[in-house]
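To be precise, the following lines are start00.json, and they hold JSON, C-alpha atoms and all ligand atoms.
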[["chain", "number", "residue", "atom", "x", "y", "z"],
["A", 45, "MET", "CA", 91.07, 102.55, 70.29],
["A", 46, "THR", "CA", 88.66, 101.49, 73.07],
["A", 47, "TYR", "CA", 87.79, 104.17, 75.65],
["A", 48, "ARG", "CA", 88.72, 103.12, 79.16],
["A", 49, "TYR", "CA", 87.51, 104.80, 82.35],
["A", 50, "TYR", "CA", 90.65, 103.60, 84.13],
["A", 51, "SER", "CA", 93.71, 103.59, 81.89],
["A", 52, "ALA", "CA", 96.93, 101.79, 82.90],
["A", 53, "ASP", "CA", 99.02, 104.46, 81.12],
["A", 54, "ARG", "CA", 97.54, 107.27, 83.19],
["A", 55, "VAL", "CA", 97.69, 105.29, 86.44],
["A", 56, "ARG", "CA", 101.28, 104.19, 85.76],
["A", 57, "ASP", "CA", 102.34, 107.82, 85.20],
["A", 58, "LYS", "CA", 101.09, 108.78, 88.66],
["A", 59, "MET", "CA", 101.93, 105.52, 90.45],
["A", 60, "PRO", "CA", 105.08, 104.01, 88.94],
["A", 61, "GLN", "CA", 105.42, 101.74, 91.99],
["A", 62, "PHE", "CA", 102.94, 99.15, 90.59],
["A", 63, "LYS", "CA", 104.87, 95.88, 90.59],
["A", 64, "GLY", "CA", 103.26, 94.03, 87.65],
["A", 65, "THR", "CA", 103.24, 94.59, 83.90],
["A", 66, "ASP", "CA", 101.07, 97.16, 82.11],
["A", 67, "GLU", "CA", 98.80, 94.32, 80.94],
["A", 68, "GLU", "CA", 98.34, 93.10, 84.52],
["A", 69, "LEU", "CA", 97.57, 96.62, 85.69],
["A", 70, "GLN", "CA", 95.05, 97.20, 82.88],
["A", 71, "SER", "CA", 93.41, 93.86, 83.56],
["A", 72, "GLN", "CA", 92.92, 94.76, 87.26],
["A", 73, "LEU", "CA", 91.62, 98.21, 86.33],
["A", 74, "ASP", "CA", 89.18, 96.73, 83.78],
["A", 75, "LYS", "CA", 87.87, 94.33, 86.42],
["A", 76, "LEU", "CA", 87.42, 97.17, 88.91],
["A", 77, "ASP", "CA", 85.55, 99.19, 86.29],
["A", 78, "LEU", "CA", 83.35, 96.26, 85.21],
["A", 79, "LEU", "CA", 82.40, 95.23, 88.76],
["A", 80, "TYR", "CA", 81.45, 98.66, 90.09],
["A", 81, "ARG", "CA", 79.68, 99.83, 86.94],
["A", 82, "SER", "CA", 77.70, 96.57, 86.81],
["A", 83, "ALA", "CA", 76.74, 96.79, 90.48],
["A", 84, "VAL", "CA", 75.52, 100.36, 89.95],
["A", 85, "LYS", "CA", 73.52, 99.31, 86.85],
["A", 86, "GLU", "CA", 71.84, 96.48, 88.75],
["A", 87, "LEU", "CA", 70.84, 98.73, 91.63],
["A", 88, "GLU", "CA", 69.66, 101.48, 89.33],
["A", 89, "THR", "CA", 67.41, 98.96, 87.55],
["A", 90, "LYS", "CA", 66.05, 97.67, 90.85],
["A", 91, "LEU", "CA", 65.22, 101.21, 91.97],
["A", 92, "ASP", "CA", 63.61, 101.97, 88.62],
["A", 93, "ILE", "CA", 61.39, 98.89, 88.82],
["A", 94, "LEU", "CA", 60.41, 99.64, 92.44],
["A", 95, "SER", "CA", 59.56, 103.22, 91.55],
["A", 96, "ASP", "CA", 57.43, 102.15, 88.55],
["A", 97, "ASP", "CA", 55.57, 99.54, 90.58],
["A", 98, "PHE", "CA", 55.05, 101.95, 93.50],
["A", 99, "GLY", "CA", 53.71, 104.48, 90.99],
["A", 100, "LYS", "CA", 51.20, 101.99, 89.59],
["A", 101, "LYS", "CA", 50.02, 100.82, 93.01],
["A", 102, "HIS", "CA", 49.85, 104.20, 94.75],
["A", 103, "SER", "CA", 49.53, 106.66, 91.82],
["A", 104, "TYR", "CA", 52.60, 108.41, 93.20],
["A", 105, "MET", "CA", 56.28, 108.24, 92.21],
["A", 106, "PRO", "CA", 58.44, 108.64, 95.36],
["A", 107, "ILE", "CA", 61.78, 108.91, 93.52],
["A", 108, "HIS", "CA", 62.42, 112.29, 91.94],
["A", 109, "HIS", "CA", 65.69, 111.27, 90.25],
["A", 110, "VAL", "CA", 68.76, 109.07, 90.67],
["A", 111, "LYS", "CA", 72.41, 109.97, 90.15],
["A", 112, "THR", "CA", 75.26, 107.49, 89.97],
["A", 113, "ARG", "CA", 79.02, 107.73, 89.98],
["A", 114, "VAL", "CA", 82.08, 105.51, 90.20],
["A", 115, "LYS", "CA", 85.02, 107.16, 91.94],
["A", 116, "THR", "CA", 88.00, 108.16, 89.81],
["A", 117, "PHE", "CA", 91.10, 106.07, 90.38],
["A", 118, "GLU", "CA", 92.91, 109.06, 91.91],
["A", 119, "SER", "CA", 90.09, 109.55, 94.38],
["A", 120, "ILE", "CA", 90.09, 105.82, 95.32],
["A", 121, "MET", "CA", 93.84, 105.96, 95.96],
["A", 122, "ASP", "CA", 93.52, 109.19, 98.02],
["A", 123, "LYS", "CA", 90.88, 107.57, 100.19],
["A", 124, "ALA", "CA", 92.93, 104.36, 100.55],
["A", 125, "GLU", "CA", 95.84, 106.48, 101.85],
["A", 126, "ARG", "CA", 93.52, 108.25, 104.29],
["A", 127, "TYR", "CA", 92.32, 104.83, 105.48],
["A", 128, "GLY", "CA", 95.94, 103.83, 106.07],
["A", 129, "ILE", "CA", 95.92, 100.99, 103.51],
["A", 130, "GLU", "CA", 99.53, 100.17, 102.82],
["A", 131, "ASP", "CA", 100.78, 100.34, 99.22],
["A", 132, "PRO", "CA", 97.21, 100.47, 97.84],
["A", 133, "ILE", "CA", 98.16, 100.23, 94.15],
["A", 134, "ASN", "CA", 99.68, 96.79, 94.83],
["A", 135, "ASN", "CA", 96.84, 95.77, 97.13],
["A", 136, "LEU", "CA", 93.72, 96.55, 95.14],
["A", 137, "ASP", "CA", 91.90, 93.57, 96.68],
["A", 138, "VAL", "CA", 92.28, 95.19, 100.15],
["A", 139, "VAL", "CA", 91.17, 98.56, 98.74],
["A", 140, "MET", "CA", 88.04, 96.95, 97.26],
["A", 141, "LYS", "CA", 87.28, 95.22, 100.56],
["A", 142, "GLU", "CA", 87.72, 98.26, 102.79],
["A", 143, "ILE", "CA", 86.37, 101.15, 100.74],
["A", 144, "TYR", "CA", 82.61, 100.97, 100.47],
["A", 145, "ASP", "CA", 81.88, 103.98, 98.31],
["A", 146, "ILE", "CA", 83.88, 103.26, 95.15],
["A", 147, "ALA", "CA", 80.44, 102.91, 93.56],
["A", 148, "GLY", "CA", 77.83, 105.41, 94.71],
["A", 149, "ILE", "CA", 74.16, 105.99, 94.00],
["A", 150, "ARG", "CA", 72.20, 109.03, 95.10],
["A", 151, "VAL", "CA", 68.45, 108.54, 95.29],
["A", 152, "ILE", "CA", 66.62, 111.86, 95.47],
["A", 153, "THR", "CA", 63.10, 111.39, 96.81],
["A", 154, "ASN", "CA", 60.28, 113.92, 96.96],
["A", 155, "TYR", "CA", 59.76, 113.78, 100.72],
["A", 156, "GLU", "CA", 61.68, 112.53, 103.76],
["A", 157, "GLU", "CA", 59.21, 109.65, 104.34],
["A", 158, "ASP", "CA", 59.95, 108.35, 100.81],
["A", 159, "ILE", "CA", 63.58, 107.83, 101.87],
["A", 160, "TYR", "CA", 62.48, 105.16, 104.33],
["A", 161, "SER", "CA", 59.84, 103.52, 102.12],
["A", 162, "MET", "CA", 62.27, 103.19, 99.21],
["A", 163, "SER", "CA", 65.25, 102.00, 101.25],
["A", 164, "GLU", "CA", 63.09, 99.42, 103.06],
["A", 165, "LEU", "CA", 61.68, 98.09, 99.78],
["A", 166, "LEU", "CA", 65.15, 97.81, 98.29],
["A", 167, "LEU", "CA", 66.53, 96.00, 101.33],
["A", 168, "GLN", "CA", 63.79, 93.35, 101.02],
["A", 169, "HIS", "CA", 65.47, 92.03, 97.85],
["A", 170, "SER", "CA", 66.87, 88.60, 98.65],
["A", 171, "ASP", "CA", 70.09, 89.15, 96.67],
["A", 172, "ILE", "CA", 70.98, 92.32, 98.56],
["A", 173, "GLU", "CA", 72.92, 92.20, 101.80],
["A", 174, "LEU", "CA", 72.90, 95.14, 104.17],
["A", 175, "ILE", "CA", 76.40, 96.08, 105.30],
["A", 176, "ARG", "CA", 75.98, 99.43, 107.08],
["A", 177, "VAL", "CA", 73.45, 102.18, 107.73],
["A", 178, "LYS", "CA", 74.26, 105.75, 108.80],
["A", 179, "ASP", "CA", 71.12, 107.76, 109.40],
["A", 180, "TYR", "CA", 72.05, 111.42, 109.09],
["A", 181, "CYS", "CA", 68.34, 112.29, 108.73],
["A", 182, "LYS", "CA", 67.61, 111.26, 112.32],
["A", 183, "ASN", "CA", 71.08, 112.36, 113.50],
["A", 184, "PRO", "CA", 72.25, 115.20, 111.23],
["A", 185, "LYS", "CA", 75.95, 115.94, 110.97],
["A", 186, "GLU", "CA", 77.43, 118.95, 112.76],
["A", 187, "SER", "CA", 77.47, 120.79, 109.39],
["A", 188, "GLY", "CA", 73.67, 120.39, 109.08],
["A", 189, "TYR", "CA", 74.00, 117.58, 106.49],
["A", 190, "ARG", "CA", 71.03, 115.22, 106.27],
["A", 191, "SER", "CA", 70.83, 111.99, 104.27],
["A", 192, "LEU", "CA", 70.40, 108.25, 104.82],
["A", 193, "HIS", "CA", 73.57, 106.34, 103.88],
["A", 194, "VAL", "CA", 73.06, 102.65, 103.22],
["A", 195, "VAL", "CA", 75.92, 100.40, 102.15],
["A", 196, "VAL", "CA", 74.77, 97.19, 100.47],
["A", 197, "ALA", "CA", 76.55, 94.28, 98.84],
["A", 198, "ILE", "CA", 75.15, 92.96, 95.58],
["A", 199, "PRO", "CA", 76.26, 89.97, 93.47],
["A", 200, "VAL", "CA", 77.58, 90.64, 89.98],
["A", 201, "PHE", "CA", 77.41, 87.54, 87.77],
["A", 202, "LEU", "CA", 80.40, 87.31, 85.42],
["A", 203, "VAL", "CA", 81.30, 84.66, 82.82],
["A", 204, "LYS", "CA", 83.40, 82.58, 85.22],
["A", 205, "SER", "CA", 82.60, 83.87, 88.68],
["A", 206, "THR", "CA", 80.15, 85.74, 90.89],
["A", 207, "GLU", "CA", 81.57, 88.74, 92.73],
["A", 208, "ILE", "CA", 79.97, 90.46, 95.69],
["A", 209, "VAL", "CA", 80.31, 94.23, 95.28],
["A", 210, "PRO", "CA", 79.63, 96.95, 97.88],
["A", 211, "VAL", "CA", 77.76, 100.10, 96.84],
["A", 212, "GLU", "CA", 76.94, 103.16, 98.95],
["A", 213, "ILE", "CA", 73.43, 104.47, 98.42],
["A", 214, "GLN", "CA", 72.63, 107.96, 99.70],
["A", 215, "PHE", "CA", 68.89, 108.55, 100.05],
["A", 216, "ARG", "CA", 67.90, 112.23, 100.31],
["A", 217, "SER", "CA", 64.80, 114.35, 99.85],
["A", 218, "ILE", "CA", 64.89, 117.15, 97.25],
["A", 219, "ALA", "CA", 65.34, 119.70, 100.07],
["A", 220, "MET", "CA", 68.23, 117.74, 101.63],
["A", 221, "ASP", "CA", 69.87, 117.40, 98.22],
["A", 222, "THR", "CA", 69.49, 121.11, 97.50],
["A", 223, "TRP", "CA", 71.35, 121.96, 100.68],
["A", 224, "ALA", "CA", 74.05, 119.29, 100.26],
["A", 225, "SER", "CA", 74.76, 120.22, 96.62],
["A", 226, "LEU", "CA", 75.05, 123.95, 97.32],
["A", 227, "GLU", "CA", 77.07, 123.47, 100.50],
["A", 228, "HIS", "CA", 79.41, 121.05, 98.71],
["A", 229, "GLU", "CA", 79.92, 123.56, 95.90],
["A", 230, "LEU", "CA", 80.64, 126.40, 98.33],
["A", 231, "ARG", "CA", 83.04, 124.27, 100.36],
["A", 232, "TYR", "CA", 84.76, 122.97, 97.21],
["A", 233, "LYS", "CA", 85.13, 126.50, 95.79],
["A", 234, "ASN", "CA", 86.75, 127.53, 99.07],
["A", 235, "ARG", "CA", 89.07, 124.49, 99.12],
["A", 236, "GLY", "CA", 87.21, 122.94, 102.07],
["A", 237, "GLU", "CA", 87.62, 126.02, 104.29],
["A", 238, "LEU", "CA", 84.55, 127.92, 105.45],
["A", 239, "SER", "CA", 84.55, 130.48, 108.25],
["A", 240, "GLU", "CA", 82.66, 129.72, 111.46],
["A", 241, "ASP", "CA", 80.10, 132.36, 110.64],
["A", 242, "ILE", "CA", 79.43, 130.90, 107.18],
["A", 243, "GLN", "CA", 79.19, 127.39, 108.66],
["A", 244, "LYS", "CA", 76.65, 128.67, 111.17],
["A", 245, "GLN", "CA", 74.62, 130.33, 108.41],
["A", 246, "LEU", "CA", 74.70, 127.13, 106.35],
["A", 247, "LYS", "CA", 73.55, 125.08, 109.34],
["A", 248, "ASP", "CA", 70.73, 127.53, 109.85],
["A", 249, "CYS", "CA", 69.70, 127.10, 106.19],
["A", 250, "ALA", "CA", 69.72, 123.30, 106.69],
["A", 251, "THR", "CA", 67.36, 123.68, 109.68],
["A", 252, "ARG", "CA", 65.03, 125.96, 107.73],
["A", 253, "LEU", "CA", 65.00, 123.65, 104.71],
["A", 254, "HIS", "CA", 64.20, 120.77, 107.04],
["A", 255, "GLU", "CA", 61.22, 122.72, 108.39],
["A", 256, "VAL", "CA", 60.05, 123.35, 104.81],
["A", 257, "ASP", "CA", 60.49, 119.62, 104.05],
["A", 258, "ARG", "CA", 58.27, 118.74, 107.03],
["A", 259, "SER", "CA", 55.66, 121.39, 106.16],
["A", 260, "MET", "CA", 55.44, 120.23, 102.53],
["A", 261, "SER", "CA", 54.95, 116.67, 103.72],
["A", 262, "GLN", "CA", 52.16, 117.75, 106.10],
["A", 263, "ILE", "CA", 50.50, 119.68, 103.25],
["A", 264, "ARG", "CA", 50.75, 116.58, 101.06],
["A", 265, "HIS", "CA", 49.05, 114.42, 103.69],
["A", 266, "LYS", "CA", 46.32, 117.01, 104.13],
["A", 267, "VAL", "CA", 45.72, 117.20, 100.37],
["A", 268, "LEU", "CA", 45.62, 113.39, 100.18],
["A", 269, "SER", "CA", 43.11, 113.09, 103.04],
["A", 270, "ASP", "CA", 40.94, 115.93, 101.59],
["A", 271, "ASP", "CA", 40.90, 113.96, 98.32],
["A", 272, "ILE", "CA", 39.00, 111.04, 99.85],
["B", 301, "LIG", "P1", 81.52, 112.15, 97.22],
["B", 301, "LIG", "O1", 82.11, 112.53, 95.91],
["B", 301, "LIG", "O2", 80.22, 112.89, 97.51],
["B", 301, "LIG", "O3", 81.37, 110.68, 97.41],
["B", 301, "LIG", "P2", 84.32, 108.01, 104.53],
["B", 301, "LIG", "O4", 83.78, 108.97, 103.49],
["B", 301, "LIG", "O5", 84.04, 106.56, 104.16],
["B", 301, "LIG", "O6", 85.71, 108.30, 104.93],
["B", 301, "LIG", "P3", 82.11, 107.99, 105.97],
["B", 301, "LIG", "O7", 81.89, 107.82, 107.42],
["B", 301, "LIG", "O8", 81.54, 106.96, 105.04],
["B", 301, "LIG", "O9", 83.60, 108.18, 105.80],
["B", 301, "LIG", "O10", 81.64, 109.33, 105.51],
["B", 301, "LIG", "P4", 80.19, 109.90, 105.60],
["B", 301, "LIG", "O11", 80.34, 111.23, 106.23],
["B", 301, "LIG", "O12", 79.25, 108.92, 106.18],
["B", 301, "LIG", "O13", 79.83, 110.06, 104.08],
["B", 301, "LIG", "C1", 80.66, 110.77, 103.21],
["B", 301, "LIG", "C2", 79.83, 111.31, 102.06],
["B", 301, "LIG", "O14", 78.62, 111.91, 102.57],
["B", 301, "LIG", "C3", 80.56, 112.44, 101.34],
["B", 301, "LIG", "O15", 81.24, 111.88, 100.25],
["B", 301, "LIG", "C4", 79.41, 113.33, 100.87],
["B", 301, "LIG", "O16", 78.83, 112.79, 99.69],
["B", 301, "LIG", "C5", 78.42, 113.19, 101.99],
["B", 301, "LIG", "N1", 78.61, 114.16, 103.07],
["B", 301, "LIG", "C6", 78.94, 113.89, 104.34],
["B", 301, "LIG", "N2", 78.98, 115.01, 105.10],
["B", 301, "LIG", "C7", 78.66, 116.03, 104.27],
["B", 301, "LIG", "C8", 78.52, 117.45, 104.47],
["B", 301, "LIG", "O17", 78.71, 118.00, 105.56],
["B", 301, "LIG", "N3", 78.17, 118.18, 103.38],
["B", 301, "LIG", "C9", 77.94, 117.62, 102.15],
["B", 301, "LIG", "N4", 77.61, 118.41, 101.14],
["B", 301, "LIG", "N5", 78.08, 116.28, 101.94],
["B", 301, "LIG", "C10", 78.42, 115.50, 102.98],
["B", 301, "LIG", "P5", 82.64, 112.47, 99.80],
["B", 301, "LIG", "O18", 83.65, 111.43, 100.09],
["B", 301, "LIG", "O19", 82.83, 113.83, 100.37],
["B", 301, "LIG", "O20", 82.58, 112.64, 98.27]]

How does this structure look as C-alpha cells?
Amino acid sequence: MTYRYYSADRVRDKMPQFKGTDEELQSQLDKLDLLYRSAVKELETKLDILSDDFGKKHSYMPIHHVKTRVKTFESIMDKAERYGIEDPINNLDVVMKEIYDIAGIRVITNYEEDIYSMSELLLQHSDIELIRVKDYCKNPKESGYRSLHVVVAIPVFLVKSTEIVPVEIQFRSIAMDTWASLEHELRYKNRGELSEDIQKQLKDCATRLHEVDRSMSQIRHKVLSDDI
C-alpha cells in the first residue's frame, strides 16, 4: 500500500460532510500534498544554491539550517474555521487561496543581518512573487517574538498545468529561533496559557537574547576588519 500524508479514510472519519466520493476526496488531497511539497522542495533548493554560492564568494555560509513542514490536514481545517471559511472541506480551492502557511519554511541564519541578505537574494528570483512581508525583527510582537515572515508564490510545473503556490518563509537568527522554539514549547505544554509574570520573564529573555545577537554581530565585524 502507498503511504499517503493526507488519507481520504482518515479525513472522511473526521469530516463526513465531504460531498464527493472517496476517490474525489483522495484526488484533491493528493493534489494538495503534491503542490505544497513540491513548492517547499523548490524553495529549499533555491536557498541551498544561494547559500553555497554565497559561501564560495564570501567564504561565509549565512544559513545555519533550514526546516520545512506542510501543515497537517486537521491543522489546515482548524485554521480555515478560524478564518471563517465556510464549509472548508467542500471548498478546498478557497482554503488554498486564503491560507498562506499550508507550506512553511524556516530559515535559521547565523546573524540578524543574514536574514535580510538571504531574503533579498531569494526575492530577486524572477519566478518568485512577493505576496506579503511581516517584519517582526524591526517590530517584535508583544510576546517578544522576532522573525521576518515572507509569503511568496512560486510556480509548480505539473504534467498538464502550472500551479502558483504560496509558501510562508520565516527567516530567523539562531538566537531568535532559540527563543521562539523554547517559548513555543512552554506555551504548548501549558495549553497556550502562561501567567503574566512568566510572559514578562519570557519577553525579558527575548530582549536579552536580542542584545547578545547584536553583540555577536559586532564582534564578528570587528574580527573581520582585524583580519584585513
Ligand atoms: P506553526 O506550526 O509554527 O506554523 P495567521 O497565523 O495566518 O492566523 P499571521 O498574521 O500569519 O496569522 O500570524 P503571524 O503571527 O504572522 O505568524 C504565525 C506564526 O508565527 C506562528 O505559526 C508561529 O510559527 C510564529 N509566531 C508568531 N508569534 C509567535 C510567538 O509569540 N511565539 C512563537 N514561538 N511563535 C510565534 P503557528 O500558526 O502558531 O504554528

Taken to one decimal, the atom CA of A:His193-atom CA of A:Asp241 distance is 27.7 Å

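Here the question is which of A:Leu165, A:Lys266, A:Gln72, A:Val195 gets nearest to A:Asp97 using all atoms listed in the file, and that residue is A:Leu165.
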
**Surrounding residues of stretch 55-67 of chain A excluding itself and chain neighbours under 3 positions, 12 Å, only C-alpha atoms, as a VMD selection string** = chain A and resid 48 to 52 70 to 74 116 to 122 131 to 136

In terms of only C-alpha atoms, the residue from A:Leu69, A:Leu202, A:Ile152, A:Met162 at minimal distance from A:His108 is A:Ile152

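Atom CA of A:Ser191 is found 22.3 Å from atom CA of A:Ile93.
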
- Work out how far apart atom CA of A:Met220 and atom CA of A:Ser103 are and give it in Å to one decimal.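 Straight-line distance from atom CA of A:Met220 to atom CA of A:Ser103 works out to 23.8 Å.
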
message: If we count all atoms listed in the file and set the cut-off at 10 Å, which residues sit around stretch 82-84 of chain A, ignoring sequence neighbours fewer than 6 positions away in its own chain? Please answer as a list in words.
response: Leu76, Lys90, Thr112, Arg113, Val114, Ala147, Gly148, Ile149, Ala197, Ile198, Pro199, Val200, Phe201, Leu202, Glu207, Ile208, Val209, Pro210, Val211, Glu212 and Ile213 of chain A

Residues of chain A that have any atom at most 7 Å from an atom of ligand LIG 301 (chain B): could you tabulate them with the shortest-distance atom pair and the distance in Å to one decimal, using only C-alpha atoms and all ligand atoms, ordered by chain and increasing number, as CSV?
residue,atom,partner,partner_atom,distance
A:Ile143,CA,B:LIG301,O5,6.8
A:Tyr144,CA,B:LIG301,O5,6.8
A:Asp145,CA,B:LIG301,O5,6.7
A:Gly148,CA,B:LIG301,O3,6.9
A:Lys178,CA,B:LIG301,O12,6.5
A:Lys185,CA,B:LIG301,O17,6.4
A:Ser187,CA,B:LIG301,O17,4.9
A:Gly188,CA,B:LIG301,O17,6.6
A:Tyr189,CA,B:LIG301,O17,4.8
A:His193,CA,B:LIG301,O12,6.6
A:Ala224,CA,B:LIG301,N4,3.8
A:Ser225,CA,B:LIG301,N4,5.6
A:Glu227,CA,B:LIG301,N4,5.1
A:His228,CA,B:LIG301,N4,4.0

Q. A:Leu94: which residues within 12 Å, counting only C-alpha atoms, same-chain residues fewer than 2 positions away excluded, as a list in words?
A. Leu87, Glu88, Thr89, Lys90, Leu91, Asp92, Asp96, Asp97, Phe98, Gly99, Lys100, Lys101, His102, Tyr104, Met105, Pro106, Ile107, Ser161, Met162, Ser163, Glu164, Leu165, Leu166, Leu167, Gln168 and His169 of chain A

Just the residues within 10 Å of A:Leu253, please, counting all atoms listed in the file, with nothing from its chain fewer than 6 positions along; format it as an MDAnalysis selection string. chainID A and resid 218:220 222:223 247 259

Now that the selection is made, can you save its residues with C-alpha atoms as a PDB file, keeping the file's coordinate frame?
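Saved the output as part.pdb:
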ATOM      1  CA  ILE A 218      64.890 117.150  97.250  1.00  0.00           C
ATOM      2  CA  ALA A 219      65.340 119.700 100.070  1.00  0.00           C
ATOM      3  CA  MET A 220      68.230 117.740 101.630  1.00  0.00           C
ATOM      4  CA  THR A 222      69.490 121.110  97.500  1.00  0.00           C
ATOM      5  CA  TRP A 223      71.350 121.960 100.680  1.00  0.00           C
ATOM      6  CA  LYS A 247      73.550 125.080 109.340  1.00  0.00           C
ATOM      7  CA  SER A 259      55.660 121.390 106.160  1.00  0.00           C
TER       8      SER A 259
END

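The shortest atom-to-atom distance to A:Tyr80, with only C-alpha atoms taken into account, belongs to A:Met140 out of A:Leu246, A:Met140, A:Glu68, A:Arg176.
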
**Request:** Return the single residue from A:Lys111, A:Arg235, A:Arg54, A:Arg216 that is closest to A:Val194, with distances computed using only C-alpha atoms.
**Result:**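 Going through A:Lys111, A:Arg235, A:Arg54, A:Arg216 one by one, the smallest distance to A:Val194 is for A:Arg216.
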
- Message: Ranking A:Lys233, A:Lys141, A:Glu157, A:Asp171 by minimum distance to A:Arg258 and counting all atoms listed in the file, which one comes first?
- Response: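 Closest candidate: A:Glu157.
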